[in-house]
file target.cif (mmCIF, C-alpha atoms and all ligand atoms)
data_protein
loop_
_atom_site.label_atom_id
_atom_site.label_comp_id
_atom_site.auth_asym_id
_atom_site.auth_seq_id
_atom_site.Cartn_x
_atom_site.Cartn_y
_atom_site.Cartn_z
CA MET A 1 22.42 5.46 -1.84
CA TRP A 2 19.85 6.87 -4.23
CA ALA A 3 22.44 7.26 -6.97
CA LEU A 4 23.55 3.68 -6.47
CA MET A 5 20.01 2.41 -6.72
CA GLN A 6 19.27 4.45 -9.81
CA ALA A 7 22.38 3.11 -11.45
CA ALA A 8 21.56 -0.50 -10.62
CA PRO A 9 17.83 -0.94 -10.37
CA VAL A 10 17.66 -4.61 -11.25
CA GLY A 11 20.88 -6.28 -12.18
CA MET A 12 22.49 -6.05 -8.77
CA PRO A 13 21.12 -6.23 -5.28
CA PRO A 14 21.57 -2.70 -3.90
CA SER A 15 22.97 -4.05 -0.64
CA SER A 16 26.32 -5.60 0.14
CA SER A 17 24.90 -9.03 -0.70
CA PRO A 18 27.15 -11.08 -2.94
CA SER A 19 26.50 -10.52 -6.61
CA PRO A 20 25.29 -13.45 -8.64
CA SER A 21 27.92 -14.94 -10.92
CA PRO A 22 27.53 -14.05 -14.59
CA THR A 23 25.33 -16.49 -16.44
CA SER A 24 23.43 -16.40 -19.68
CA ALA A 25 20.41 -15.51 -17.58
CA SER A 26 22.04 -12.38 -16.17
CA THR A 27 23.25 -11.39 -19.64
CA ARG A 28 19.69 -11.63 -20.84
CA ALA A 29 18.63 -9.65 -17.77
CA SER A 30 20.90 -6.78 -18.83
CA ALA A 31 19.36 -6.78 -22.29
CA ASP A 32 15.89 -6.80 -20.76
CA ILE A 33 16.82 -3.96 -18.43
CA ARG A 34 18.11 -1.83 -21.30
CA GLN A 35 14.93 -2.51 -23.22
CA HIS A 36 12.84 -1.68 -20.17
CA GLU A 37 14.76 1.51 -19.43
CA ALA A 38 14.30 2.65 -23.01
CA ALA A 39 10.56 2.56 -22.41
CA VAL A 40 10.77 4.70 -19.26
CA PRO A 41 9.11 8.07 -19.84
CA SER A 42 11.49 11.01 -19.62
CA ASN A 43 9.55 12.59 -16.75
CA THR A 44 10.19 9.75 -14.29
CA PRO A 45 9.76 11.69 -11.07
CA LYS A 46 12.39 12.36 -8.44
CA PRO A 47 11.43 10.58 -5.24
CA GLU A 48 11.00 13.78 -3.24
CA ASN A 49 8.39 15.06 -5.71
CA ALA A 50 6.52 11.81 -6.31
CA VAL A 51 4.06 9.90 -4.20
CA THR A 52 6.10 6.74 -3.85
CA VAL A 53 4.31 3.45 -3.34
CA ALA A 54 6.55 0.47 -2.63
CA VAL A 55 4.92 -2.90 -3.27
CA SER A 56 6.45 -6.26 -2.56
CA SER A 57 6.44 -8.74 -5.43
CA ARG A 58 4.56 -11.22 -3.22
CA VAL A 59 1.49 -8.96 -3.00
CA MET A 60 1.80 -7.51 -6.49
CA PHE A 61 1.74 -10.97 -8.04
CA ARG A 62 0.68 -14.44 -7.02
CA THR A 63 3.81 -16.33 -6.10
CA GLU A 64 2.49 -19.00 -3.72
CA ARG A 65 3.79 -21.88 -5.85
CA GLU A 66 7.29 -20.38 -5.91
CA GLN A 67 7.15 -19.71 -2.15
CA LYS A 68 6.37 -23.39 -1.65
CA VAL A 69 9.38 -24.42 -3.74
CA PHE A 70 11.57 -22.08 -1.68
CA GLU A 71 10.24 -23.35 1.65
CA GLN A 72 10.32 -27.05 0.75
CA LYS A 73 13.40 -27.30 -1.47
CA GLY A 74 15.66 -24.39 -0.54
CA VAL A 75 17.12 -21.40 -2.32
CA GLU A 76 19.12 -23.17 -5.07
CA GLU A 77 16.17 -25.24 -6.24
CA TYR A 78 14.01 -22.12 -6.03
CA LEU A 79 16.36 -20.08 -8.25
CA ARG A 80 16.52 -22.96 -10.74
CA TYR A 81 12.71 -23.12 -10.79
CA GLN A 82 12.44 -19.37 -11.41
CA ILE A 83 14.92 -19.47 -14.30
CA GLU A 84 13.14 -22.46 -15.85
CA HIS A 85 9.84 -20.60 -15.67
CA GLU A 86 11.09 -17.11 -16.51
CA ASN A 87 8.86 -16.77 -19.56
CA GLU A 88 5.72 -17.55 -17.59
CA PRO A 89 4.26 -14.35 -16.16
CA PHE A 90 2.98 -14.33 -12.59
CA ALA A 91 -0.77 -13.86 -12.14
CA PRO A 92 -2.03 -10.62 -10.54
CA GLY A 93 -1.94 -10.49 -6.73
CA PRO A 94 -4.02 -8.43 -4.27
CA ALA A 95 -2.09 -5.17 -4.84
CA PHE A 96 -2.36 -5.43 -8.62
CA PRO A 97 -5.70 -3.59 -9.15
CA PHE A 98 -4.51 -0.85 -6.78
CA VAL A 99 -1.28 -0.35 -8.75
CA LYS A 100 -3.23 -0.38 -12.03
CA ALA A 101 -5.47 2.36 -10.61
CA LEU A 102 -2.39 4.42 -9.61
CA GLU A 103 -1.26 4.19 -13.23
CA THR A 104 -4.67 5.34 -14.45
CA VAL A 105 -4.38 8.41 -12.21
CA ASN A 106 -0.84 9.02 -13.53
CA ALA A 107 -2.11 8.96 -17.12
CA ARG A 108 -4.69 11.64 -16.26
CA LEU A 109 -2.07 13.72 -14.41
CA ARG A 110 0.31 13.52 -17.37
CA GLU A 111 -2.42 14.79 -19.67
CA LEU A 112 -3.09 17.79 -17.43
CA TYR A 113 0.48 18.50 -16.29
CA PRO A 114 2.91 17.07 -18.87
CA GLN A 115 5.99 18.48 -17.08
CA SER A 116 5.04 17.79 -13.49
CA GLU A 117 6.81 15.19 -11.34
CA GLU A 118 3.94 15.03 -8.88
CA LEU A 119 2.85 11.54 -9.85
CA PHE A 120 2.61 8.13 -8.26
CA ASP A 121 5.91 6.32 -8.50
CA ILE A 122 5.79 2.57 -7.96
CA VAL A 123 8.73 0.64 -6.60
CA LEU A 124 8.65 -3.14 -6.80
CA VAL A 125 10.37 -4.52 -3.72
CA THR A 126 11.64 -8.07 -3.60
CA TYR A 127 14.07 -10.00 -1.41
CA ASN A 128 14.95 -11.97 -4.50
CA HIS A 129 18.22 -12.16 -6.35
CA ALA A 130 18.69 -10.78 -9.83
CA HIS A 131 17.89 -14.11 -11.55
CA VAL A 132 14.26 -13.70 -10.58
CA GLY A 133 14.29 -10.16 -11.96
CA ILE A 134 13.94 -11.50 -15.50
CA ARG A 135 10.68 -13.22 -14.67
CA LEU A 136 9.46 -10.09 -12.89
CA ILE A 137 10.30 -7.88 -15.87
CA ASN A 138 8.61 -10.34 -18.23
CA THR A 139 5.56 -10.26 -15.96
CA ILE A 140 5.50 -6.45 -15.85
CA ASN A 141 5.70 -6.27 -19.64
CA HIS A 142 3.06 -8.97 -20.01
CA HIS A 143 0.60 -7.00 -17.87
CA ASN A 144 1.52 -3.64 -19.49
CA LEU A 145 2.57 -2.16 -16.17
CA PHE A 146 4.83 0.90 -15.91
CA ILE A 147 6.97 -0.10 -12.98
CA GLU A 148 10.28 1.62 -13.47
CA ARG A 149 11.94 1.02 -10.14
CA PHE A 150 13.00 -2.27 -8.64
CA CYS A 151 14.48 -2.79 -5.24
CA MET A 152 16.03 -6.26 -5.20
CA THR A 153 17.58 -6.68 -1.80
CA GLY A 154 19.02 -10.16 -2.24
CA GLY A 155 17.56 -11.20 1.09
CA SER A 156 18.30 -8.14 3.22
CA SER A 157 15.73 -5.76 4.69
CA PRO A 158 14.39 -3.11 2.31
CA ILE A 159 13.46 -0.61 5.05
CA GLY A 160 16.57 1.60 4.72
CA TYR A 161 15.95 1.86 0.98
CA LEU A 162 12.30 2.72 1.53
CA LYS A 163 13.40 5.71 3.60
CA ALA A 164 15.86 6.80 0.92
CA TRP A 165 13.04 6.59 -1.59
CA HIS A 166 10.80 8.89 0.49
CA THR A 167 8.25 6.09 0.47
CA ASN A 168 4.69 7.25 1.10
CA LEU A 169 3.22 3.74 1.37
CA TYR A 170 4.71 0.27 1.68
CA LEU A 171 2.63 -2.86 1.04
CA SER A 172 4.02 -6.27 1.88
CA ALA A 173 3.02 -9.82 2.79
CA ASP A 174 5.61 -9.78 5.58
CA ALA A 175 4.07 -8.43 8.80
CA ASP A 176 7.49 -8.09 10.50
CA LYS A 177 8.78 -5.85 7.72
CA VAL A 178 5.57 -3.82 7.85
CA ARG A 179 6.03 -3.30 11.60
CA GLU A 180 9.65 -2.32 10.99
CA ALA A 181 8.54 0.25 8.41
CA LEU A 182 5.85 1.67 10.72
CA ALA A 183 8.44 2.01 13.49
CA GLU A 184 10.49 4.13 11.06
CA GLY A 185 7.51 6.36 10.39
CA ILE A 186 6.66 4.90 6.96
CA ALA A 187 2.96 4.26 6.24
CA ALA A 188 2.73 0.51 5.75
CA ALA A 189 0.27 -2.36 5.72
CA THR A 190 0.23 -6.12 5.42
CA MET A 191 -1.69 -7.70 2.56
CA PHE A 192 -3.13 -11.19 2.31
CA MET A 193 -4.08 -13.53 -0.51
CA PRO A 194 -7.80 -13.06 -1.05
CA GLU A 195 -10.11 -15.94 -1.82
CA LYS A 196 -12.66 -13.71 -3.43
CA LEU A 197 -12.25 -10.36 -5.20
CA THR A 198 -14.93 -7.81 -6.01
CA GLU A 199 -14.51 -6.03 -9.33
CA VAL A 200 -13.18 -2.51 -8.89
CA SER A 201 -13.31 0.68 -10.93
CA GLU A 202 -10.79 0.99 -13.76
CA SER A 203 -11.14 4.74 -14.06
CA GLN A 204 -11.17 5.90 -10.43
CA LEU A 205 -8.77 5.03 -7.62
CA ARG A 206 -10.72 4.41 -4.42
CA VAL A 207 -8.93 4.24 -1.10
CA ALA A 208 -10.74 3.62 2.19
CA PHE A 209 -9.32 4.20 5.65
CA ASP A 210 -10.36 3.27 9.15
CA GLY A 211 -10.08 6.18 11.61
CA ASP A 212 -8.68 5.17 14.99
CA ALA A 213 -5.13 3.80 14.90
CA VAL A 214 -4.98 4.28 11.11
CA LEU A 215 -5.53 7.96 10.19
CA PHE A 216 -5.60 8.95 13.86
CA SER A 217 -3.48 7.79 16.76
CA ASP A 218 -4.82 5.07 19.04
CA GLU A 219 -5.42 7.40 22.01
CA SER A 220 -9.22 7.03 21.93
CA GLU A 221 -8.92 3.31 21.20
CA ARG A 222 -6.94 3.01 24.44
CA ILE A 223 -9.77 4.59 26.40
CA PHE A 224 -12.22 2.19 24.81
CA LYS A 225 -10.07 -0.89 25.49
CA ALA A 226 -9.37 0.13 29.09
CA HIS A 227 -12.72 1.56 30.19
CA GLY A 228 -15.39 0.44 27.70
CA LEU A 229 -17.75 2.14 25.31
CA ASP A 230 -19.49 4.58 27.68
CA LYS A 231 -16.22 6.06 28.87
CA PHE A 232 -15.06 6.27 25.27
CA PHE A 233 -18.14 8.30 24.26
CA GLU A 234 -17.71 10.55 27.30
CA HIS A 235 -14.03 11.08 26.51
CA GLU A 236 -14.76 11.95 22.89
CA ARG A 237 -17.50 14.43 23.84
CA ASP A 238 -15.27 16.08 26.45
CA ASN A 239 -12.44 16.35 23.95
CA GLU A 240 -14.49 17.33 20.93
CA ASP A 241 -12.33 20.39 20.31
CA THR A 242 -9.03 18.70 21.01
CA LEU A 243 -7.49 17.41 17.83
CA LEU A 244 -6.60 13.75 17.59
CA ASP A 245 -2.94 13.01 17.06
CA HIS A 246 -1.96 11.65 13.65
CA GLY A 247 -1.86 7.93 12.93
CA PRO A 248 0.41 5.93 10.61
CA LEU A 249 -1.62 6.38 7.39
CA LYS A 250 -2.34 10.10 7.71
CA GLY A 251 0.61 10.97 5.47
CA PHE A 252 -0.72 8.79 2.66
CA LEU A 253 -4.16 10.43 2.79
CA GLU A 254 -2.33 13.75 2.67
CA ALA A 255 -0.41 12.63 -0.43
CA LEU A 256 -3.65 11.56 -2.12
CA GLY A 257 -5.15 14.95 -1.23
CA LYS A 258 -2.20 16.75 -2.82
CA LEU A 259 -2.84 14.94 -6.11
CA GLN A 260 -6.61 15.43 -5.87
CA LYS A 261 -6.08 19.19 -5.64
CA LYS A 262 -4.25 19.11 -8.97
CA PHE A 263 -7.46 17.84 -10.58
CA TYR A 264 -9.59 20.39 -8.71
CA ALA A 265 -7.30 23.17 -9.98
CA LYS A 266 -8.21 22.14 -13.53
CA GLY A 267 -11.93 22.10 -12.82
CA GLN A 268 -12.11 18.32 -12.45
CA ARG A 269 -13.43 18.03 -8.92
CA LEU A 270 -16.51 16.10 -10.01
CA ASP A 271 -14.51 13.94 -12.38
CA CYS A 272 -11.55 13.38 -10.06
CA PRO A 273 -9.95 9.95 -10.56
CA ILE A 274 -9.08 9.70 -6.84
CA ARG A 275 -11.75 9.21 -4.19
CA THR A 276 -11.12 8.71 -0.47
CA TYR A 277 -13.34 7.23 2.23
CA LEU A 278 -13.34 7.16 6.02
CA VAL A 279 -15.03 3.97 7.22
CA THR A 280 -15.12 4.07 10.99
CA ALA A 281 -16.98 2.23 13.73
CA ARG A 282 -17.39 5.57 15.50
CA SER A 283 -20.95 6.83 15.59
CA ALA A 284 -21.69 10.19 14.03
CA ALA A 285 -23.57 11.82 16.89
CA SER A 286 -21.34 10.94 19.81
CA SER A 287 -17.83 10.57 18.51
CA GLY A 288 -17.82 11.59 14.85
CA ILE A 289 -17.40 15.32 15.39
CA ARG A 290 -13.92 14.99 16.83
CA ALA A 291 -12.79 12.88 13.86
CA LEU A 292 -14.20 15.35 11.33
CA LYS A 293 -12.84 18.39 13.15
CA THR A 294 -9.41 16.79 13.24
CA LEU A 295 -9.43 16.09 9.49
CA ARG A 296 -10.61 19.63 8.78
CA ALA A 297 -7.90 21.14 10.99
CA TRP A 298 -5.30 19.07 9.13
CA GLY A 299 -6.64 20.54 5.88
CA LEU A 300 -7.57 17.08 4.61
CA GLU A 301 -10.73 16.56 2.67
CA ILE A 302 -12.11 13.08 2.75
CA ASP A 303 -14.73 12.55 0.05
CA GLU A 304 -17.04 10.31 2.02
CA ALA A 305 -17.21 9.66 5.76
CA LEU A 306 -19.16 6.64 6.95
CA PHE A 307 -19.89 6.35 10.65
CA LEU A 308 -21.09 2.81 11.23
CA ALA A 309 -21.71 3.00 14.98
CA GLY A 310 -20.31 -0.47 15.45
CA ALA A 311 -22.02 -2.11 12.46
CA PRO A 312 -19.87 -4.51 10.40
CA LYS A 313 -17.70 -2.80 7.80
CA GLY A 314 -17.74 -5.58 5.18
CA PRO A 315 -21.16 -4.80 3.62
CA MET A 316 -20.39 -1.07 3.40
CA LEU A 317 -17.02 -1.72 1.81
CA GLU A 318 -18.67 -4.08 -0.66
CA LYS A 319 -20.73 -1.09 -1.85
CA ILE A 320 -17.74 1.29 -1.98
CA ARG A 321 -15.53 -1.21 -3.83
CA PRO A 322 -12.23 0.34 -2.82
CA HIS A 323 -8.96 -0.81 -4.38
CA ILE A 324 -7.63 -1.02 -0.85
CA TYR A 325 -8.99 -0.64 2.67
CA PHE A 326 -6.75 -0.06 5.70
CA ASP A 327 -7.65 -1.16 9.23
CA ASP A 328 -5.68 -1.83 12.42
CA GLN A 329 -7.97 -4.64 13.58
CA MET A 330 -7.74 -8.07 12.03
CA PHE A 331 -11.42 -8.88 12.46
CA HIS A 332 -12.35 -5.89 10.30
CA VAL A 333 -9.71 -6.89 7.75
CA GLU A 334 -11.08 -10.43 7.69
CA GLY A 335 -14.70 -9.25 7.59
CA ALA A 336 -13.93 -7.03 4.60
CA ALA A 337 -11.91 -9.74 2.84
CA GLU A 338 -14.74 -12.28 3.24
CA MET A 339 -16.93 -9.96 1.21
CA GLY A 340 -14.36 -9.51 -1.54
CA THR A 341 -12.64 -6.26 -0.49
CA VAL A 342 -8.85 -6.05 -0.64
CA ALA A 343 -8.19 -5.19 2.99
CA ALA A 344 -4.76 -4.45 4.41
CA HIS A 345 -3.78 -4.67 8.06
CA VAL A 346 -1.95 -1.80 9.78
CA PRO A 347 -0.24 -3.47 12.75
CA TYR A 348 -0.20 -0.39 14.94
CA GLY A 349 -1.58 0.66 18.32
CA ILE A 350 -3.22 -0.86 21.35
CA ALA A 351 -5.34 -3.35 19.37
CA GLN A 352 -2.20 -5.36 18.55
CA LYS A 353 -1.79 -6.20 22.23
CA HIS A 354 -5.15 -7.92 22.29
CA ASN A 355 -5.96 -11.15 20.52
CA PRO A 356 -6.08 -9.98 16.90
CA LYS A 357 -8.65 -12.63 16.05
CA GLN A 358 -11.06 -11.73 18.83
CA LYS A 359 -14.54 -10.74 17.78
CA SER A 360 -16.05 -7.61 19.16
CA SER A 361 -19.70 -6.73 19.15
CA VAL A 362 -18.73 -3.06 19.20
CA GLY A 363 -16.11 -3.41 16.52
CA LYS A 364 -14.31 -0.20 17.35
MG MG A 401 -9.25 1.28 14.20
#
call {"tool": "encode", "arguments": {"input": "target.cif", "output": "structure tokens"}}
result
Amino acid sequence: MWALMQAAPVGMPPSSSPSPSPTSASTRASADIRQHEAAVPSNTPKPENAVTVAVSSRVMFRTEREQKVFEQKGVEEYLRYQIEHENEPFAPGPAFPFVKALETVNARLRELYPQSEELFDIVLVTYNHAHVGIRLINTINHHNLFIERFCMTGGSSPIGYLKAWHTNLYLSADADKVREALAEGIAAATMFMPEKLTEVSESQLRVAFDGDAVLFSDESERIFKAHGLDKFFEHERDNEDTLLDHGPLKGFLEALGKLQKKFYAKGQRLDCPIRTYLVTARSAASSGIRALKTLRAWGLEIDEALFLAGAPKGPMLEKIRPHIYFDDQMFHVEGAAEMGTVAAHVPYGIAQKHNPKQKSSVGK
């Protein structure tokens, strides 16, 4: 499958979907692809060596207008619209600053390790047909992005391809696809169109994680939901030396840690272009020790750990200014988004069984 996808990254959907009939647009697409491929650096990493981040075109770029055409007028009208507008680049979407920051880290890694394949590798995932690929390529060139891999599924699910690509993180606007990816063991999160965006660092990638049901499993969250806060504190104290099980995003933190160590090995710990944060509603004294001991036992260094003891996360995240923040609870995602943070929802664990919009004074 990998060979097939390498051979046909854009011009053909990699599934058994019917191929589009040849048109002047697809001829131009081939020319664009050749031009694009010529610009691909020779050390494009193999997927098993790279940290692969798959991003759907709907969160990478703003495509609301096109979505509306598709929903209101159907697929044929939509394809016609895309071809008519193929020279108009899409505006940046919520994942755009994050992807830009990944590229900044890659540039630093290439300086230090010119031959290494341990880099971020970005895959643009779209359900679209090849006609829309031209507009996407034009957009990528317009924004000076180095996205070398496309996964155009022509309407079918990308999850099988994500596995073949050894995907370390999948970001999408489609919550069902995100759940499907999580069920397959792929770190994944749903992104939303923000109304307000805080400016983020251009030289340092900042990634912030919630603890329970994101880096860790939801076992402690279950105690809290079933028996309340006091029982939760008691449980965490009693189990202080028992490691928490891993959650869906642990692997991505691990991948970030692997790249961070490459900077440390060159004496760039203080100037590392990757910084990670734990932003948890746990409180330091009563339930923080277990979280920190678990991370230490996993061999994962998190640069900053913030124990908020139930305080809202939005104001803290506003100070951190991460490129992305992951949380399993929608009210934290919404609270962060209201203050301008790009927050992504990890639909995993016991919290999904409760009303996702419910407010909680504890905010665990
Ligand atoms: Mg949580």
call {"tool": "atom_distance", "arguments": {"input": "target.cif", "atom1": "atom CA of His323 of chain A", "atom2": "atom CA of Val207 of chain A"}}
result
6.0 Å
call {"tool": "atom_distance", "arguments": {"input": "target.cif", "atom1": "atom CA of Thr280 of chain A", "atom2": "atom CA of Gly314 of chain A"}}
result
11.6 Å
call {"tool": "residues_near_ligand", "arguments": {"input": "target.cif", "ligand": "ligand MG 401 (chain A)", "cutoff": "7 Å", "atoms": "all atoms listed in the file", "output": "MDAnalysis selection string"}}
result
chainID A and resid 210:214 327:329 364
call {"tool": "atom_distance", "arguments": {"input": "target.cif", "atom1": "atom CA of Phe61 of chain A", "atom2": "atom CA of Arg149 of chain A"}}
result
15.9 Å
call {"tool": "residues_around", "arguments": {"input": "target.cif", "residues": "Val346 of chain A", "least_positions_apart": "5", "cutoff": "10 Å", "atoms": "all atoms listed in the file", "output": "list in words"}}
result
Leu171, Ala175, Val178, Arg179, Leu182, Ala187, Ala188, Ala189, Thr190, Met191, Asp210, Ala213, Val214, Pro248, Leu249, Phe326, Asp327, Asp328, Gln329, Met330, Val333 and Gln352 of chain A
call {"tool": "closest_residue", "arguments": {"input": "target.cif", "among": "A:Pro92, A:Pro97, A:Ile223, A:Gly133", "to": "His235 of chain A", "atoms": "all atoms listed in the file"}}
result
A:Ile223
call {"tool": "closest_residue", "arguments": {"input": "target.cif", "among": "A:Phe120, A:Phe96, A:Pro347, A:Asn128", "to": "Phe70 of chain A", "atoms": "only C-alpha atoms"}}
result
A:Asn128
call {"tool": "closest_residue", "arguments": {"input": "target.cif", "among": "A:Leu197, A:Ala281, A:Leu292, A:Leu253", "to": "Glu318 of chain A", "atoms": "only C-alpha atoms"}}
result
A:Leu197
call {"tool": "closest_residue", "arguments": {"input": "target.cif", "among": "A:Ala91, A:Ala173, A:Glu84, A:Ser286", "to": "Phe192 of chain A", "atoms": "all atoms listed in the file"}}
result
A:Ala173
